[in-house]
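Raw run22.cif, mmCIF, C-alpha atoms:
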```cif
data_model
loop_
_atom_site.label_atom_id
_atom_site.label_comp_id
_atom_site.auth_asym_id
_atom_site.auth_seq_id
_atom_site.Cartn_x
_atom_site.Cartn_y
_atom_site.Cartn_z
CA MET A 1 69.15 162.85 -32.96
CA GLU A 2 66.13 164.62 -31.43
CA SER A 3 66.49 168.40 -31.42
CA GLN A 4 65.71 170.53 -28.37
CA LEU A 5 62.63 171.86 -30.15
CA ASP A 6 61.39 168.37 -31.03
CA LYS A 7 61.95 167.23 -27.46
CA TYR A 8 60.05 170.22 -26.08
CA LEU A 9 57.14 169.62 -28.48
CA ARG A 10 57.03 165.93 -27.58
CA LEU A 11 57.09 166.57 -23.84
CA HIS A 12 54.20 169.01 -24.14
CA SER A 13 52.04 166.85 -26.40
CA LYS A 14 49.97 163.79 -25.58
CA ALA A 15 52.24 160.84 -24.83
CA GLN A 16 52.17 157.96 -27.29
CA SER A 17 50.57 154.68 -26.28
CA GLU A 18 52.55 151.54 -25.48
CA ALA A 19 51.54 150.11 -28.86
CA LEU A 20 52.85 153.19 -30.68
CA ALA A 21 56.10 153.15 -28.68
CA TRP A 22 56.54 149.49 -29.66
CA LEU A 23 55.84 150.28 -33.31
CA GLU A 24 58.27 153.21 -33.30
CA LYS A 25 61.02 150.95 -31.95
CA GLN A 26 60.24 148.17 -34.43
CA THR A 27 60.20 150.65 -37.31
CA HIS A 28 63.75 151.71 -36.42
CA LEU A 29 64.88 148.09 -36.08
CA ARG A 30 63.15 146.60 -39.11
CA THR A 31 63.01 149.27 -41.83
CA ASN A 32 65.59 151.22 -43.81
CA TYR A 33 63.87 154.61 -43.55
CA PRO A 34 62.53 155.00 -39.99
CA GLN A 35 62.46 158.79 -40.44
CA MET A 36 59.31 158.26 -42.53
CA LEU A 37 57.45 157.52 -39.30
CA SER A 38 54.96 160.23 -38.31
CA GLY A 39 56.16 160.30 -34.70
CA PRO A 40 54.50 161.28 -31.40
CA VAL A 41 53.78 164.97 -32.07
CA GLN A 42 52.28 164.58 -35.52
CA GLY A 43 50.56 161.42 -34.34
CA ALA A 44 48.91 163.34 -31.49
CA LEU A 45 47.81 165.99 -33.99
CA LEU A 46 46.25 163.37 -36.27
CA THR A 47 44.33 161.87 -33.36
CA THR A 48 43.11 165.31 -32.31
CA LEU A 49 42.11 166.35 -35.84
CA VAL A 50 40.14 163.15 -36.35
CA LYS A 51 38.36 163.73 -33.03
CA MET A 52 37.56 167.29 -34.16
CA PHE A 53 36.38 166.42 -37.69
CA LYS A 54 34.54 163.21 -36.62
CA PRO A 55 34.93 161.47 -40.00
CA SER A 56 32.99 158.27 -40.62
CA ARG A 57 35.24 157.24 -43.49
CA VAL A 58 38.97 157.96 -43.68
CA LEU A 59 41.31 157.22 -46.57
CA GLU A 60 45.06 156.99 -45.99
CA ILE A 61 47.45 156.96 -48.94
CA GLY A 62 50.75 155.63 -47.63
CA CYS A 63 50.55 153.52 -44.49
CA PHE A 64 54.29 152.74 -44.07
CA THR A 65 54.36 150.76 -40.78
CA GLY A 66 50.95 151.97 -39.63
CA TYR A 67 51.85 154.57 -37.00
CA SER A 68 49.72 157.34 -38.50
CA THR A 69 46.93 154.85 -39.20
CA ILE A 70 46.74 153.86 -35.55
CA CYS A 71 46.79 157.49 -34.44
CA MET A 72 43.83 158.30 -36.68
CA ALA A 73 42.01 155.13 -35.60
CA TYR A 74 42.34 156.26 -31.96
CA GLY A 75 40.31 159.36 -32.82
CA LEU A 76 37.54 157.75 -34.87
CA PRO A 77 33.94 158.11 -33.76
CA SER A 78 31.90 154.96 -33.14
CA GLY A 79 31.51 153.05 -36.41
CA GLY A 80 34.27 155.01 -38.15
CA HIS A 81 36.60 153.17 -40.51
CA ILE A 82 39.92 153.72 -42.31
CA ASP A 83 40.95 152.37 -45.71
CA SER A 84 44.77 152.42 -45.63
CA LEU A 85 46.78 152.01 -48.84
CA GLU A 86 50.37 150.72 -48.85
CA VAL A 87 52.54 149.60 -51.75
CA ASN A 88 55.18 147.64 -49.76
CA ASP A 89 53.73 144.21 -48.99
CA GLU A 90 56.87 143.28 -47.03
CA LEU A 91 55.60 145.52 -44.24
CA GLU A 92 52.25 143.74 -43.94
CA SER A 93 53.05 141.57 -40.91
CA LEU A 94 54.52 144.50 -38.95
CA ILE A 95 51.57 146.74 -39.85
CA LEU A 96 48.98 144.17 -38.82
CA GLU A 97 50.77 143.37 -35.56
CA GLY A 98 50.82 147.07 -34.73
CA PHE A 99 47.09 147.35 -35.41
CA SER A 100 46.47 144.35 -33.16
CA ARG A 101 48.61 145.65 -30.30
CA ALA A 102 46.80 149.01 -30.50
CA GLY A 103 43.40 147.30 -30.47
CA VAL A 104 42.23 148.98 -33.68
CA SER A 105 42.28 146.13 -36.21
CA ASP A 106 38.50 146.21 -36.61
CA ARG A 107 38.60 149.89 -37.61
CA ILE A 108 41.11 149.54 -40.45
CA THR A 109 41.21 147.82 -43.84
CA LEU A 110 44.76 147.51 -45.19
CA ARG A 111 44.86 147.54 -49.00
CA LEU A 112 48.20 146.51 -50.50
CA GLY A 113 49.24 147.55 -53.99
CA ASP A 114 49.88 150.60 -56.13
CA ALA A 115 47.83 153.45 -54.67
CA LYS A 116 46.90 154.90 -58.07
CA GLU A 117 45.38 151.58 -59.09
CA THR A 118 43.66 151.00 -55.75
CA LEU A 119 42.12 154.48 -55.75
CA GLN A 120 40.32 153.67 -58.99
CA THR A 121 38.54 150.75 -57.30
CA LEU A 122 37.25 152.68 -54.28
CA THR A 123 33.81 154.20 -53.81
CA GLY A 124 33.30 157.44 -51.94
CA PRO A 125 32.49 159.56 -50.25
CA TYR A 126 35.35 159.89 -47.78
CA ASP A 127 35.30 162.55 -45.08
CA LEU A 128 39.05 162.74 -44.44
CA VAL A 129 42.10 161.82 -46.55
CA PHE A 130 45.70 161.65 -45.33
CA ILE A 131 48.34 161.64 -48.10
CA ASP A 132 51.85 160.53 -47.18
CA ALA A 133 53.19 158.41 -50.03
CA ASP A 134 55.37 158.83 -53.15
CA LYS A 135 56.05 162.56 -53.43
CA ARG A 136 56.36 162.30 -57.21
CA GLU A 137 52.72 161.24 -57.43
CA TYR A 138 50.96 163.69 -55.11
CA CYS A 139 49.21 165.44 -58.02
CA GLU A 140 47.94 162.10 -59.33
CA TYR A 141 46.64 161.15 -55.89
CA TYR A 142 44.89 164.51 -55.65
CA ASP A 143 43.16 164.06 -59.01
CA LEU A 144 42.04 160.53 -58.12
CA VAL A 145 40.86 161.46 -54.65
CA MET A 146 38.77 164.53 -55.45
CA PRO A 147 35.89 162.56 -57.05
CA LEU A 148 35.69 160.49 -53.84
CA LEU A 149 35.06 163.54 -51.62
CA HIS A 150 32.14 165.80 -50.73
CA SER A 151 31.73 169.40 -49.67
CA GLY A 152 33.43 169.70 -46.29
CA SER A 153 35.81 166.78 -46.81
CA VAL A 154 39.35 167.42 -45.60
CA ILE A 155 42.67 166.38 -47.14
CA LEU A 156 45.84 166.35 -45.04
CA ALA A 157 48.99 166.17 -47.15
CA ASP A 158 52.28 165.47 -45.37
CA ASP A 159 55.89 166.46 -46.14
CA VAL A 160 54.90 169.41 -48.33
CA LEU A 161 57.88 171.55 -47.28
CA TRP A 162 60.24 168.69 -48.13
CA ASP A 163 63.08 169.76 -45.85
CA GLY A 164 62.82 173.32 -47.15
CA LYS A 165 63.69 172.33 -50.71
CA VAL A 166 60.43 173.68 -52.13
CA TYR A 167 61.39 177.27 -51.29
CA GLN A 168 65.12 177.08 -51.98
CA GLU A 169 66.53 179.28 -54.74
CA PRO A 170 67.02 177.67 -57.11
CA VAL A 171 64.58 174.85 -56.35
CA PRO A 172 66.25 171.42 -56.75
CA GLN A 173 65.21 169.58 -59.89
CA ASP A 174 64.96 166.05 -58.47
CA LYS A 175 61.62 164.34 -59.12
CA GLN A 176 60.50 164.20 -55.48
CA THR A 177 61.01 167.94 -54.91
CA GLN A 178 59.43 168.86 -58.22
CA GLY A 179 56.48 166.59 -57.46
CA ILE A 180 55.82 168.42 -54.19
CA VAL A 181 56.28 171.84 -55.85
CA ARG A 182 53.70 170.95 -58.51
CA PHE A 183 51.30 169.66 -55.87
CA ASN A 184 51.62 172.72 -53.63
CA ASP A 185 51.08 175.10 -56.55
CA ARG A 186 48.18 173.03 -57.86
CA VAL A 187 46.36 172.98 -54.52
CA ALA A 188 47.00 176.64 -53.75
CA SER A 189 45.46 177.66 -57.09
CA ASP A 190 42.48 175.27 -56.98
CA PRO A 191 39.25 177.31 -56.55
CA ALA A 192 37.43 174.19 -55.31
CA VAL A 193 39.31 174.11 -51.99
CA GLU A 194 40.37 176.22 -49.03
CA THR A 195 43.94 175.73 -47.80
CA VAL A 196 46.44 176.42 -45.06
CA LEU A 197 50.02 175.14 -45.02
CA LEU A 198 51.45 174.47 -41.56
CA PRO A 199 55.20 174.19 -40.78
CA LEU A 200 54.69 171.16 -38.54
CA ARG A 201 57.46 168.58 -38.85
CA ASP A 202 58.16 168.68 -42.62
CA GLY A 203 55.06 170.62 -43.60
CA LEU A 204 51.38 169.66 -43.40
CA PHE A 205 48.83 170.96 -45.91
CA LEU A 206 45.26 171.26 -44.62
CA ILE A 207 42.86 171.30 -47.55
CA ARG A 208 39.07 171.64 -47.22
CA VAL A 209 36.71 170.98 -50.12
CA LYS A 210 34.27 173.87 -50.52
#
```
Could I get this structure in the form of structure tokens?
Amino acid sequence: MESQLDKYLRLHSKAQSEALAWLEKQTHLRTNYPQMLSGPVQGALLTTLVKMFKPSRVLEIGCFTGYSTICMAYGLPSGGHIDSLEVNDELESLILEGFSRAGVSDRITLRLGDAKETLQTLTGPYDLVFIDADKREYCEYYDLVMPLLHSGSVILADDVLWDGKVYQEPVPQDKQTQGIVRFNDRVASDPAVETVLLPLRDGLFLIRVK
């Protein structure tokens, strides 16, 4: 159920498009974990950040049903393009229909398969990276992505507060929580980047390559 805070944030942020509203509904009807959807507020932020950063090449690790992909595509400058990685090929038809309804199919290349393997086949540089995939593998994604970036590139990493588990005492020992803890500590101590962690939704790490 939507909290009062979430409702207030949604009502005071840019409204989602008809295509995004359709995709949000379909995600709830056709997937087992609809809470993985970025949602209207974070989606509006992604669109705004892309408009601010003006990236020519965007890399998304973890497409899910394509909501965040569409939001970033809305903000792309002319000629901009997104490579979106997704491991679950059963979502392909829903993802592609969402892209089509949003009118952004020509701005996105969907790459199905294990992200760690796909990342090793890509050629940089990318200007913006959005990470929202297997929490156990965030550190591996980070290591594989860094060679594909340049000075000034930005990484956005989602779910880095992990429902508050990362700062609980004691910290839970499950693999997802520990994966996020390792990632957060790794990024915060990396002298090659500048960072700020925002408490939006379930935590969003903004990371800029020096």
Kindly assemble as CSV a list of the region 146-202 of chain A residues that lie within 12 Å of region 24-35 of chain A, each paired with its nearest atom pair and their distance in Å to one decimal, using all atoms listed in the file, sorted first by chain and then by ascending residue number.
```
residue,atom,partner,partner_atom,distance
A:Asp159,CA,A:Gln35,CA,11.6
A:Arg201,CA,A:Gln35,CA,11.1
A:Asp202,CA,A:Gln35,CA,11.0
```
With all atoms listed in the file counted, which protein, DNA or RNA residues have an atom no more than 10 Å from (50.9, 146.2, -32.7) in the file frame? Please answer as a compact mmCIF listing (two decimals) with C-alpha atoms, keeping the file's coordinate frame.
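To be explicit, this is the file written out as result-v3.txt:
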```
# COMPACT_ATOMS: atom_id res chain seq x y z
CA GLU A 18 52.55 151.54 -25.48
CA ALA A 19 51.54 150.11 -28.86
CA LEU A 20 52.85 153.19 -30.68
CA ALA A 21 56.10 153.15 -28.68
CA TRP A 22 56.54 149.49 -29.66
CA LEU A 23 55.84 150.28 -33.31
CA GLN A 26 60.24 148.17 -34.43
CA THR A 65 54.36 150.76 -40.78
CA GLY A 66 50.95 151.97 -39.63
CA TYR A 67 51.85 154.57 -37.00
CA ILE A 70 46.74 153.86 -35.55
CA SER A 93 53.05 141.57 -40.91
CA LEU A 94 54.52 144.50 -38.95
CA ILE A 95 51.57 146.74 -39.85
CA LEU A 96 48.98 144.17 -38.82
CA GLU A 97 50.77 143.37 -35.56
CA GLY A 98 50.82 147.07 -34.73
CA PHE A 99 47.09 147.35 -35.41
CA SER A 100 46.47 144.35 -33.16
CA ARG A 101 48.61 145.65 -30.30
CA ALA A 102 46.80 149.01 -30.50
CA GLY A 103 43.40 147.30 -30.47
CA VAL A 104 42.23 148.98 -33.68
CA SER A 105 42.28 146.13 -36.21
```
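For region 42-57 of chain A, the list of residues within 8 Å, based on only C-alpha atoms and with local chain neighbours fewer than 3 positions off taken out, reads Ser13, Lys14, Ala15, Gln16, Ser38, Gly39, Tyr67, Ser68, Cys71, Met72, Ala73, Tyr74, Gly75, Leu76, Pro77, Gly79, Gly80, His81, Ile82, Asp83, Pro125, Tyr126, Asp127, Leu128, Leu200 and Arg201 of chain A.
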Between A:Asp158, A:Glu137, A:Glu60, A:Asp132, which has the minimum distance to Leu112 (chain A) (counting all atoms listed in the file)?
A:Glu60
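When all atoms listed in the file are used to compute distances to Ala133 (chain A), the closest of the residues A:Glu169, A:Glu86, A:Asp174, A:Glu194 turns out to be A:Glu86.
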Expanded to explicit residues, what is the PyMOL selection byres ((chain A and resi 124) around 8) for this file, as a ChimeraX atom specification?
/A:122-123,125-126,147-149
Could you state the separation of CA of Ile180 (chain A) and CA of Cys139 (chain A) in Å, given to one decimal place?
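Separation between CA of Ile180 (chain A) and CA of Cys139 (chain A): 8.2 Å.
Residues in contact range of Tyr141 (chain A), defined as at most 10 Å between all atoms listed in the file, with sequence neighbours fewer than 3 positions away removed, read Ile61, Ala115, Lys116, Leu119, Ile131, Ala133, Asp134, Lys135, Arg136, Glu137, Tyr138, Leu144, Val145, Met146 and Phe183 of chain A.
Reported to one decimal place, the separation of CA of Val58 (chain A) from CA of Asn88 (chain A) is 20.2 Å.
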Interatomic distance (Å, one decimal) between CA of Leu9 (chain A) and CA of Val181 (chain A)
27.5 Å
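Comparing the minimum interatomic distances between Arg10 (chain A) and each of A:Val41, A:Leu156, A:Val129, A:Ile108, counting all atoms listed in the file, we find that A:Val41 sits nearest.
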Pick out the closest residue to Glu90 (chain A) from this set: A:Asp190, A:Thr177, A:Asp106, A:Gly113. Count only C-alpha atoms.
A:Gly113
